file query_39.csv (CSV, C-alpha atoms)
chain,number,residue,atom,x,y,z
A,1086,MET,CA,-1.4,-16.1,21.4
A,1087,GLY,CA,-4.5,-13.9,21.9
A,1088,LEU,CA,-2.4,-11.0,23.1
A,1089,ASP,CA,-0.7,-10.7,19.6
A,1090,LEU,CA,-3.2,-12.2,17.2
A,1091,ILE,CA,-6.2,-10.0,17.7
A,1092,PRO,CA,-6.2,-7.3,15.0
A,1093,GLY,CA,-6.9,-3.8,16.1
A,1094,THR,CA,-5.6,-4.2,19.6
A,1095,SER,CA,-2.7,-2.4,21.1
A,1096,PRO,CA,0.1,-3.6,23.4
A,1097,GLY,CA,-1.3,-4.2,26.9
A,1098,LEU,CA,-4.7,-5.5,27.9
A,1099,SER,CA,-7.7,-4.3,25.9
A,1100,GLY,CA,-11.2,-5.6,25.9
A,1101,PRO,CA,-10.8,-8.4,23.3
A,1102,GLN,CA,-7.6,-9.5,25.0
A,1103,ILE,CA,-9.2,-9.7,28.4
A,1104,MET,CA,-12.0,-11.8,26.8
A,1105,MET,CA,-9.4,-14.2,25.5
A,1106,ILE,CA,-7.8,-14.6,28.9
A,1107,LEU,CA,-11.2,-15.1,30.6
A,1108,GLY,CA,-12.0,-17.7,28.1
A,1109,GLY,CA,-8.8,-19.5,29.0
A,1110,VAL,CA,-9.6,-19.4,32.7
A,1111,ILE,CA,-13.1,-20.8,32.0
A,1112,LEU,CA,-11.6,-23.7,30.0
A,1113,LEU,CA,-9.1,-24.3,32.9
A,1114,VAL,CA,-12.0,-24.5,35.5
A,1115,ILE,CA,-13.9,-26.9,33.2
A,1116,GLY,CA,-10.9,-29.0,32.7
A,1117,LEU,CA,-10.3,-29.3,36.5
A,1118,LEU,CA,-14.0,-30.3,37.0
A,1119,PHE,CA,-13.7,-33.0,34.4
A,1120,ARG,CA,-10.8,-34.6,36.2
A,1121,LYS,CA,-13.3,-35.9,38.8
A,1122,VAL,CA,-14.8,-39.3,37.9
A,1123,SER,CA,-18.0,-38.5,39.7
A,1124,THR,CA,-18.4,-35.3,37.8
A,1125,ARG,CA,-17.9,-37.1,34.4
A,1126,ARG,CA,-20.4,-39.8,35.3
A,1127,ALA,CA,-23.0,-37.3,36.4
A,1128,ILE,CA,-22.6,-35.3,33.2
A,1129,PHE,CA,-23.0,-38.3,30.9
A,1130,ARG,CA,-25.8,-39.8,33.0
A,1131,ASP,CA,-27.9,-36.6,32.5
A,1132,LEU,CA,-26.5,-35.8,29.1
A,1133,PRO,CA,-29.8,-34.5,27.4
A,1134,LYS,CA,-30.5,-32.2,30.4
A,1135,ASN,CA,-26.9,-31.1,30.6
A,1136,LEU,CA,-26.8,-30.3,26.8
A,1137,ALA,CA,-29.9,-28.1,27.2
A,1138,ILE,CA,-28.4,-26.3,30.2
A,1139,SER,CA,-25.1,-25.9,28.4
A,1140,THR,CA,-26.8,-24.4,25.4
A,1141,VAL,CA,-28.6,-21.9,27.6
A,1142,MET,CA,-25.4,-21.0,29.3
A,1143,VAL,CA,-23.5,-20.6,26.0
A,1144,VAL,CA,-26.2,-18.2,24.7
A,1145,ILE,CA,-26.2,-16.2,28.0
A,1146,THR,CA,-22.4,-16.1,27.9
A,1147,LEU,CA,-22.3,-14.9,24.3
A,1148,VAL,CA,-24.8,-12.2,25.1
A,1149,ILE,CA,-22.8,-11.1,28.2
A,1150,LEU,CA,-19.5,-11.1,26.2
A,1151,GLU,CA,-21.2,-9.0,23.4
A,1152,LEU,CA,-22.3,-6.5,26.0
A,1153,VAL,CA,-18.9,-6.3,27.6
A,1154,LEU,CA,-17.2,-5.9,24.2
A,1155,SER,CA,-19.7,-3.2,23.4
A,1156,ILE,CA,-18.8,-1.4,26.6
A,1157,THR,CA,-15.1,-1.5,25.7
A,1158,ASN,CA,-16.0,0.0,22.3
A,1159,MET,CA,-14.5,-2.9,20.3
A,1160,PRO,CA,-15.3,-2.1,16.6
A,1161,THR,CA,-17.2,-4.6,14.5
A,1162,ARG,CA,-15.7,-6.1,11.4
A,1163,TYR,CA,-18.5,-4.8,9.2
A,1164,PRO,CA,-20.4,-1.6,9.6
A,1165,THR,CA,-24.1,-2.2,10.5
A,1166,ASP,CA,-25.6,0.5,8.3
A,1167,ILE,CA,-24.6,0.7,4.6
A,1168,PRO,CA,-25.5,4.0,2.9
A,1169,ASP,CA,-27.2,3.9,-0.5
A,1170,THR,CA,-24.8,6.6,-1.8
A,1171,PHE,CA,-21.4,6.9,-0.2
A,1172,LEU,CA,-19.1,8.7,-2.7
A,1173,THR,CA,-19.4,10.8,-5.8
A,1174,GLU,CA,-16.7,10.1,-8.4
A,1175,VAL,CA,-14.5,13.1,-9.0
A,1176,ASP,CA,-13.8,14.5,-12.5
A,1177,TRP,CA,-10.2,15.4,-11.8
A,1178,TRP,CA,-8.8,11.8,-11.9
A,1179,THR,CA,-8.6,9.4,-14.9
A,1180,CYS,CA,-6.7,6.3,-16.1
A,1181,ASP,CA,-5.7,5.7,-19.7
A,1182,ASP,CA,-2.8,4.3,-21.7
A,1183,SER,CA,-0.3,6.5,-19.9
A,1184,GLY,CA,-1.5,5.2,-16.5
A,1185,CYS,CA,-3.5,7.0,-13.9
A,1186,HIS,CA,-3.1,10.8,-13.5
A,1187,TYR,CA,-5.0,14.0,-12.8
A,1188,VAL,CA,-7.1,15.9,-15.3
A,1189,TYR,CA,-5.5,19.3,-15.7
A,1190,ASP,CA,-8.6,21.5,-16.2
A,1191,ALA,CA,-10.7,19.8,-13.6
A,1192,ILE,CA,-8.0,19.7,-10.9
A,1193,THR,CA,-7.2,23.3,-11.5
A,1194,GLN,CA,-10.9,24.2,-11.0
A,1195,ALA,CA,-11.0,22.1,-7.8
A,1196,CYS,CA,-7.9,23.9,-6.5
A,1197,ASN,CA,-9.4,27.3,-7.3
A,1198,ASN,CA,-12.4,26.2,-5.3
A,1199,LYS,CA,-10.2,25.2,-2.4
A,1200,GLU,CA,-11.4,21.6,-2.6
A,1201,ILE,CA,-7.8,20.4,-3.2
A,1202,SER,CA,-4.5,21.8,-2.1
A,1203,GLY,CA,-0.8,21.0,-2.0
A,1204,ARG,CA,1.1,19.2,-4.6
A,1205,ARG,CA,-2.0,18.1,-6.5
A,1206,CYS,CA,-2.5,21.8,-7.4
A,1207,MET,CA,0.8,21.8,-9.2
A,1208,MET,CA,0.1,19.8,-12.4
A,1209,ASN,CA,1.3,20.0,-15.9
A,1210,PRO,CA,-1.2,19.7,-18.9
A,1211,GLN,CA,-0.7,15.9,-18.9
A,1212,GLY,CA,-1.9,15.7,-15.2
A,1213,PHE,CA,1.4,14.9,-13.5
A,1214,HIS,CA,3.2,16.8,-10.8
A,1215,ASP,CA,5.7,18.7,-13.0
A,1216,THR,CA,6.4,22.3,-13.8
A,1217,GLN,CA,6.7,21.7,-17.5
A,1218,ALA,CA,4.6,19.9,-20.1
A,1219,PHE,CA,5.6,16.5,-21.4
A,1220,VAL,CA,6.7,17.9,-24.8
A,1221,TYR,CA,10.1,17.8,-26.5
A,1222,ASP,CA,12.0,20.9,-27.6
A,1223,ASP,CA,15.0,21.0,-29.9
A,1224,ALA,CA,16.7,23.0,-27.2
A,1225,PHE,CA,16.8,19.9,-25.1
A,1226,ASP,CA,19.3,18.1,-27.5
A,1227,ASP,CA,22.3,19.3,-25.5
A,1228,ASN,CA,20.7,18.7,-22.1
A,1229,LEU,CA,20.7,15.7,-19.8
A,1230,ARG,CA,17.2,14.3,-20.1
A,1231,VAL,CA,15.8,12.2,-17.2
A,1232,LEU,CA,12.4,10.5,-17.0
A,1233,MET,CA,11.3,9.7,-13.4
A,1234,LEU,CA,8.9,6.8,-12.7
A,1235,GLY,CA,7.3,5.9,-9.4
A,1236,ASP,CA,4.7,6.4,-6.8
A,1237,SER,CA,4.0,8.9,-4.0
A,1238,PHE,CA,7.7,9.1,-3.0
A,1239,THR,CA,8.6,10.1,-6.5
A,1240,PHE,CA,5.5,12.4,-6.6
A,1241,GLY,CA,7.1,14.1,-3.6
A,1242,GLY,CA,5.0,12.9,-0.7
A,1243,THR,CA,5.5,14.8,2.6
A,1244,ALA,CA,8.4,16.9,1.4
A,1245,GLU,CA,8.2,20.6,1.4
A,1246,ILE,CA,7.3,22.1,-2.0
A,1247,GLY,CA,10.6,22.4,-4.0
A,1248,SER,CA,12.5,19.9,-1.8
A,1249,SER,CA,11.4,16.4,-2.9
A,1250,PHE,CA,14.2,14.2,-4.2
A,1251,VAL,CA,13.1,14.9,-7.8
A,1252,GLU,CA,13.0,18.6,-7.2
A,1253,THR,CA,16.4,18.4,-5.4
A,1254,ILE,CA,17.8,16.9,-8.6
A,1255,GLU,CA,16.3,19.7,-10.6
A,1256,SER,CA,17.8,22.3,-8.2
A,1257,ASN,CA,21.2,20.6,-8.3
A,1258,LEU,CA,21.2,20.2,-12.1
A,1259,PRO,CA,19.6,23.4,-13.5
A,1260,ASN,CA,20.6,22.5,-17.1
A,1261,ALA,CA,19.0,19.0,-16.9
A,1262,VAL,CA,15.5,18.3,-18.1
A,1263,VAL,CA,13.7,16.1,-15.5
A,1264,TRP,CA,10.2,14.9,-16.2
A,1265,ASN,CA,8.3,13.4,-13.2
A,1266,THR,CA,5.6,10.8,-13.8
A,1267,GLY,CA,5.3,9.7,-10.2
A,1268,ILE,CA,1.7,9.2,-9.0
A,1269,PRO,CA,0.5,8.3,-5.5
A,1270,GLY,CA,-0.6,4.7,-5.2
A,1271,ALA,CA,1.1,3.6,-8.4
A,1272,GLY,CA,3.0,0.4,-8.9
A,1273,THR,CA,5.6,-0.8,-11.4
A,1274,ASN,CA,2.7,-1.5,-13.9
A,1275,GLN,CA,1.9,2.2,-13.9
A,1276,ALA,CA,5.6,3.0,-14.5
A,1277,ALA,CA,5.6,0.7,-17.5
A,1278,ALA,CA,2.6,2.4,-18.9
A,1279,SER,CA,4.0,5.9,-18.4
A,1280,LEU,CA,7.3,4.9,-19.9
A,1281,SER,CA,5.8,3.5,-23.1
A,1282,ALA,CA,3.5,6.5,-23.4
A,1283,PHE,CA,6.0,9.4,-22.9
A,1284,ALA,CA,9.5,8.0,-23.8
A,1285,PRO,CA,8.7,8.2,-27.5
A,1286,ILE,CA,7.7,11.9,-27.1
A,1287,LEU,CA,10.4,13.0,-24.7
A,1288,ASN,CA,13.4,10.9,-25.9
A,1289,PRO,CA,15.0,10.6,-22.4
A,1290,GLN,CA,18.6,9.4,-22.0
A,1291,ILE,CA,17.9,7.8,-18.7
A,1292,ALA,CA,14.9,6.5,-16.8
A,1293,ILE,CA,14.8,6.1,-13.0
A,1294,LEU,CA,12.2,4.0,-11.2
A,1295,GLY,CA,11.5,4.8,-7.6
A,1296,PHE,CA,10.5,1.4,-6.1
A,1297,TYR,CA,8.8,1.4,-2.7
A,1298,LEU,CA,8.2,-1.9,-1.1
A,1299,ASN,CA,4.4,-1.6,-1.2
A,1300,ASP,CA,4.7,-1.8,-5.0
A,1301,PHE,CA,4.8,-5.6,-4.5
A,1302,GLU,CA,1.1,-5.4,-3.4
A,1303,ASP,CA,0.2,-2.8,-6.0
A,1304,ASN,CA,1.6,-4.9,-8.8
A,1305,MET,CA,-1.0,-7.6,-8.1
A,1306,MET,CA,-3.7,-5.3,-9.3
A,1307,PRO,CA,-4.5,-3.2,-12.4
A,1308,TYR,CA,-3.0,0.3,-12.3
A,1309,ASP,CA,-6.4,1.9,-12.0
A,1310,SER,CA,-6.3,0.5,-8.5
A,1311,TYR,CA,-8.1,3.4,-6.7
A,1312,PHE,CA,-11.6,4.9,-6.9
A,1313,MET,CA,-11.3,8.6,-6.4
A,1314,GLY,CA,-14.4,10.3,-4.9
A,1315,VAL,CA,-15.7,12.8,-2.5
A,1316,ASP,CA,-18.1,12.2,0.4
A,1317,ASP,CA,-21.1,14.2,1.3
A,1318,THR,CA,-18.8,16.9,2.9
A,1319,ASN,CA,-16.9,17.1,-0.3
A,1320,TYR,CA,-13.8,15.6,1.4
A,1321,PRO,CA,-11.7,13.7,-1.2
A,1322,LEU,CA,-11.2,10.0,-0.6
A,1323,SER,CA,-9.2,7.4,-2.5
A,1324,ILE,CA,-10.4,3.8,-1.9
A,1325,ARG,CA,-8.9,0.6,-3.3
A,1326,GLN,CA,-11.5,-0.6,-5.8
A,1327,TYR,CA,-10.1,-4.2,-6.1
A,1328,MET,CA,-9.8,-7.0,-3.7
A,1329,ILE,CA,-7.6,-10.1,-4.0
A,1330,ASP,CA,-8.0,-13.4,-2.4
A,1331,ASP,CA,-5.4,-15.9,-1.2
A,1332,ASN,CA,-5.4,-17.6,-4.6
A,1333,GLY,CA,-4.4,-14.3,-6.3
A,1334,THR,CA,-7.8,-13.8,-7.9
A,1335,VAL,CA,-8.5,-10.1,-8.5
A,1336,THR,CA,-12.1,-8.8,-8.3
A,1337,LYS,CA,-13.2,-5.2,-9.0
A,1338,LEU,CA,-15.7,-3.7,-6.6
A,1339,ASP,CA,-18.3,-1.8,-8.5
A,1340,SER,CA,-21.0,-1.0,-6.0
A,1341,GLN,CA,-21.1,1.8,-3.4
A,1342,SER,CA,-21.7,-0.7,-0.6
A,1343,ASP,CA,-18.5,-2.6,-1.6
A,1344,LEU,CA,-16.5,0.6,-1.6
A,1345,TYR,CA,-18.0,1.5,1.8
A,1346,TYR,CA,-16.6,-1.8,3.2
A,1347,ARG,CA,-13.2,-1.0,1.7
A,1348,TYR,CA,-13.4,2.4,3.4
A,1349,PHE,CA,-13.3,0.4,6.6
A,1350,GLN,CA,-10.3,-1.6,5.3
A,1351,VAL,CA,-12.2,-4.9,5.0
A,1352,ASP,CA,-13.3,-6.9,2.0
A,1353,PRO,CA,-17.0,-7.1,1.4
A,1354,PRO,CA,-18.7,-10.1,3.1
A,1355,GLN,CA,-18.9,-13.3,1.1
A,1356,SER,CA,-22.5,-14.1,2.2
A,1357,GLU,CA,-25.3,-12.7,4.2
A,1358,LEU,CA,-24.3,-15.0,7.1
A,1359,ASP,CA,-20.8,-13.7,6.9
A,1360,ARG,CA,-22.1,-10.1,7.1
A,1361,PHE,CA,-24.4,-10.8,10.0
A,1362,VAL,CA,-21.6,-12.5,12.0
A,1363,GLY,CA,-19.3,-9.6,11.2
A,1364,THR,CA,-21.7,-7.0,12.6
A,1365,THR,CA,-21.5,-8.6,16.1
A,1366,ARG,CA,-18.5,-8.1,18.2
A,1367,ILE,CA,-18.1,-11.7,19.2
A,1368,GLY,CA,-18.4,-12.7,15.5
A,1369,SER,CA,-15.9,-9.9,14.6
A,1370,LEU,CA,-13.4,-11.2,17.1
A,1371,VAL,CA,-13.7,-14.7,15.7
A,1372,LEU,CA,-13.4,-13.6,12.0
A,1373,ASN,CA,-10.6,-11.2,12.7
A,1374,THR,CA,-8.6,-13.7,14.7
A,1375,GLY,CA,-9.2,-16.3,11.9
A,1376,ASP,CA,-7.8,-13.8,9.4
A,1377,ALA,CA,-4.8,-13.1,11.5
A,1378,ILE,CA,-4.0,-16.8,11.8
A,1379,GLN,CA,-4.4,-17.2,8.0
A,1380,GLN,CA,-2.1,-14.2,7.5
A,1381,MET,CA,0.5,-15.7,9.8
A,1382,ILE,CA,0.3,-19.0,7.9
A,1383,ASN,CA,0.7,-17.2,4.5
A,1384,LYS,CA,3.5,-15.1,5.9
A,1385,SER,CA,5.4,-18.1,7.3
A,1386,ASN,CA,5.3,-20.0,4.1
A,1387,GLY,CA,5.7,-16.9,1.9
A,1388,ILE,CA,2.7,-17.7,-0.4
A,1389,ARG,CA,1.4,-14.1,-0.7
A,1390,LEU,CA,4.8,-12.5,-1.1
A,1391,SER,CA,5.8,-15.1,-3.6
A,1392,LYS,CA,2.9,-14.2,-5.8
A,1393,GLN,CA,3.6,-10.5,-5.4
A,1394,VAL,CA,7.2,-11.1,-6.5
A,1395,ASP,CA,6.1,-13.0,-9.5
A,1396,ALA,CA,3.8,-10.2,-10.7
A,1397,THR,CA,6.5,-7.6,-10.0
A,1398,ARG,CA,9.0,-9.6,-12.0
A,1399,GLN,CA,6.9,-9.5,-15.1
A,1400,HIS,CA,6.5,-5.7,-14.9
A,1401,LEU,CA,10.2,-5.2,-14.3
A,1402,ILE,CA,11.0,-7.3,-17.3
A,1403,THR,CA,8.6,-5.2,-19.4
A,1404,LEU,CA,10.5,-2.1,-18.3
A,1405,GLN,CA,13.8,-3.7,-19.1
A,1406,ASP,CA,12.7,-4.8,-22.5
A,1407,TYR,CA,11.5,-1.3,-23.4
A,1408,VAL,CA,14.5,0.6,-22.3
A,1409,ALA,CA,16.8,-1.9,-24.0
A,1410,SER,CA,15.0,-1.6,-27.3
A,1411,HIS,CA,15.0,2.2,-27.2
A,1412,ASP,CA,18.6,2.7,-26.0
A,1413,ILE,CA,17.6,4.3,-22.7
A,1414,ALA,CA,19.8,3.9,-19.6
A,1415,PHE,CA,17.9,2.6,-16.6
A,1416,PHE,CA,18.3,2.0,-12.9
A,1417,VAL,CA,16.1,1.6,-9.8
A,1418,LEU,CA,16.0,3.7,-6.7
A,1419,LEU,CA,15.1,1.2,-4.0
A,1420,ILE,CA,13.1,2.9,-1.2
A,1421,PRO,CA,13.4,1.1,2.1
A,1422,SER,CA,10.7,1.4,4.6
A,1423,ARG,CA,11.2,2.8,8.1
A,1424,GLU,CA,11.1,-0.7,9.5
A,1425,ASP,CA,14.1,-1.7,7.4
A,1426,LEU,CA,16.3,0.7,9.3
A,1427,SER,CA,16.4,-1.7,12.2
A,1428,VAL,CA,15.8,-5.2,10.6
A,1429,PRO,CA,15.5,-5.7,6.9
A,1430,THR,CA,12.0,-6.9,6.1
A,1431,PRO,CA,11.1,-9.8,3.8
A,1432,ARG,CA,9.9,-7.4,1.1
A,1433,TYR,CA,13.1,-5.5,1.2
A,1434,LEU,CA,15.2,-8.7,0.9
A,1435,SER,CA,12.9,-9.9,-1.9
A,1436,ALA,CA,13.4,-6.6,-3.8
A,1437,LEU,CA,17.2,-7.1,-3.6
A,1438,ASP,CA,16.9,-10.7,-4.8
A,1439,LEU,CA,14.7,-9.6,-7.7
A,1440,PHE,CA,17.0,-6.9,-8.9
A,1441,ASN,CA,20.0,-9.2,-8.7
A,1442,GLU,CA,18.1,-12.0,-10.5
A,1443,LEU,CA,17.1,-9.7,-13.4
A,1444,GLY,CA,20.4,-7.9,-13.5
A,1445,ILE,CA,18.9,-4.5,-12.8
A,1446,PRO,CA,21.3,-1.8,-11.6
A,1447,TYR,CA,20.0,-0.1,-8.4
A,1448,ILE,CA,20.8,2.4,-5.7
A,1449,ASP,CA,20.0,1.4,-2.1
A,1450,PRO,CA,20.2,4.3,0.3
A,1451,LEU,CA,19.4,2.2,3.4
A,1452,ASP,CA,22.9,2.6,5.0
A,1453,ASP,CA,22.7,6.4,4.6
A,1454,LEU,CA,19.2,6.9,6.1
A,1455,ILE,CA,18.3,7.5,9.7
A,1456,LEU,CA,15.0,7.7,11.5
A,1457,THR,CA,14.6,11.4,11.2
A,1458,ASP,CA,14.8,11.0,7.4
A,1459,TYR,CA,11.3,9.6,7.6
A,1460,ALA,CA,8.2,11.6,8.5
A,1461,PRO,CA,6.6,10.8,11.8
A,1462,ASP,CA,4.5,7.6,12.0
A,1463,PRO,CA,2.0,6.8,10.5
A,1464,ASP,CA,3.3,8.7,7.5
A,1465,ILE,CA,5.4,6.3,5.5
A,1466,HIS,CA,7.3,8.9,3.4
A,1467,TRP,CA,10.6,10.5,3.7
A,1468,SER,CA,10.8,13.8,5.5
A,1469,THR,CA,12.2,16.8,3.6
A,1470,GLU,CA,15.6,15.9,5.0
A,1471,GLY,CA,15.3,12.4,3.7
A,1472,HIS,CA,14.2,13.6,0.3
A,1473,VAL,CA,17.1,16.1,0.0
A,1474,LYS,CA,19.6,13.4,1.1
A,1475,VAL,CA,18.4,11.0,-1.6
A,1476,GLY,CA,18.2,13.7,-4.2
A,1477,ASP,CA,21.8,14.5,-3.6
A,1478,MET,CA,22.7,10.8,-4.0
A,1479,LEU,CA,20.9,10.6,-7.3
A,1480,THR,CA,22.5,13.9,-8.5
A,1481,GLU,CA,25.9,12.4,-8.0
A,1482,CYS,CA,25.1,9.5,-10.2
A,1483,LEU,CA,23.5,11.6,-12.9
A,1484,VAL,CA,26.6,13.8,-13.1
A,1485,THR,CA,28.7,10.7,-13.5
A,1486,PHE,CA,26.3,9.4,-16.2
A,1487,GLU,CA,26.4,12.7,-18.0
A,1488,GLN,CA,30.2,12.6,-18.0
A,1489,SER,CA,30.9,9.0,-18.9
A,1490,GLY,CA,27.6,7.8,-20.5
A,1491,ASP,CA,27.5,4.8,-18.2
A,1492,ILE,CA,25.4,4.8,-15.0
A,1493,ASN,CA,27.4,1.9,-13.7
A,1494,ASP,CA,30.4,4.2,-13.3
A,1495,CYS,CA,28.7,5.8,-10.3
A,1496,ASP,CA,30.0,4.2,-7.1
A,1497,ARG,CA,26.5,4.3,-5.5
A,1498,VAL,CA,24.9,2.1,-8.3
A,1499,ILE,CA,25.0,-1.6,-7.5
A,1500,MET,CA,25.3,-3.6,-10.7
A,1501,PRO,CA,24.3,-7.3,-10.2
call {"tool": "encode", "arguments": {"input": "query_39.csv", "output": "structure tokens"}}
result
Amino acid sequence: MGLDLIPGTSPGLSGPQIMMILGGVILLVIGLLFRKVSTRRAIFRDLPKNLAISTVMVVITLVILELVLSITNMPTRYPTDIPDTFLTEVDWWTCDDSGCHYVYDAITQACNNKEISGRRCMMNPQGFHDTQAFVYDDAFDDNLRVLMLGDSFTFGGTAEIGSSFVETIESNLPNAVVWNTGIPGAGTNQAAASLSAFAPILNPQIAILGFYLNDFEDNMMPYDSYFMGVDDTNYPLSIRQYMIDDNGTVTKLDSQSDLYYRYFQVDPPQSELDRFVGTTRIGSLVLNTGDAIQQMINKSNGIRLSKQVDATRQHLITLQDYVASHDIAFFVLLIPSREDLSVPTPRYLSALDLFNELGIPYIDPLDDLILTDYAPDPDIHWSTEGHVKVGDMLTECLVTFEQSGDINDCDRVIMP
């Protein structure tokens, strides 16, 4: 069990795994010694003395193990030194009734100063990655009008500029008006906010939600999920500023020290004792292994995923109600993860079940995707080839919708 449970270890034998094996060998030797009646009698006859000796041996052993784990460079659960000031909040990111987005003037200035580059330097006045402002023109009356909702995939993550699946649609349908509200790190709750904010202004005929499987987790938290800041080298960082426990309770992290812990991808310690234990390597091994076991238990009984599905269901219903009341066609682009190419994951299957339960039409490109349609690991996004492939699929359905007025006439759309 130790070979697979210890977080942060890789396949093979690393320092923490070797310690687990040595611990098992020691227990085996002790067990063999205790099989002898004479040994057991001697131990219990001199119990006080033996307890004292055992205590000293345990302390020495822990010290030796701590030194060995230090030599193997095993990281501690918690950083030992917490800086007073860690990040400075940026002025080019904000969250309001339309969701979270960039601040046009500030992001433009940051790009001019070479602090930011790439897609984030291609923003419209509303702070979204789009070449046109979110305003309506009477000239659009005769055009197909599409409102895109979603996260970093919809934003265009990893694709070459001009080749994301949204940009592919725009290239394929030059007469269509396509507005992109995709924002990295966004969940379905952000999509609902953007829809209600911009649909009355833009009057779209159809809305498309890009749903990636980590949206399940994002939907457990408010849409202002990330703190955007720069470190002392002016390097931009986005850090999750909420933590959620196994009961689903969400807590906002307001202090710099709490954000520093989240930078190391751990929740802040619950007590000073917890913090002290987590700054030692032996303690970190115990705490991390305990978390891994708890995660296995939660995964096996589906508690965490079940709560994520419940939260996502409510946001999807909000979207459904809105488009139904405003006569907007709607469907979901399901975005499988790389892992789903080999074996469908529980989150992928849960998404299918949820769309079928709510009667939401969707497109599932899983059978058309191959490994090279994804960027190299650890990047989770589609490569340019994957973006273009999916953009062509969506174009096919939008052409069908423009011709018939019913998105369900597209063969790629699955209607529950």
call {"tool": "atom_distance", "arguments": {"input": "query_39.csv", "atom1": "atom CA of A:His1411", "atom2": "atom CA of A:Val1262"}}
result
18.5 Å
call {"tool": "atom_distance", "arguments": {"input": "query_39.csv", "atom1": "atom CA of A:Trp1264", "atom2": "atom CA of A:Leu1443"}}
result
25.7 Å
call {"tool": "residues_around", "arguments": {"input": "query_39.csv", "residues": "A:Trp1178", "least_positions_apart": "2", "cutoff": "12 Å", "atoms": "all atoms listed in the file", "output": "VMD selection string"}}
result
chain A and resid 1174 to 1176 1180 to 1181 1184 to 1193 1195 1205 1208 1211 to 1213 1268 to 1269 1309 1311 to 1315 1321 to 1323
call {"tool": "closest_residue", "arguments": {"input": "query_39.csv", "among": "A:Tyr1407, A:Tyr1308, A:Phe1171, A:Phe1296", "to": "A:Gln1275", "atoms": "all atoms listed in the file"}}
result
A:Tyr1308
call {"tool": "closest_residue", "arguments": {"input": "query_39.csv", "among": "A:Leu1418, A:Ile1329, A:Cys1206, A:Ile1324", "to": "A:Leu1294", "atoms": "all atoms listed in the file"}}
result
A:Leu1418
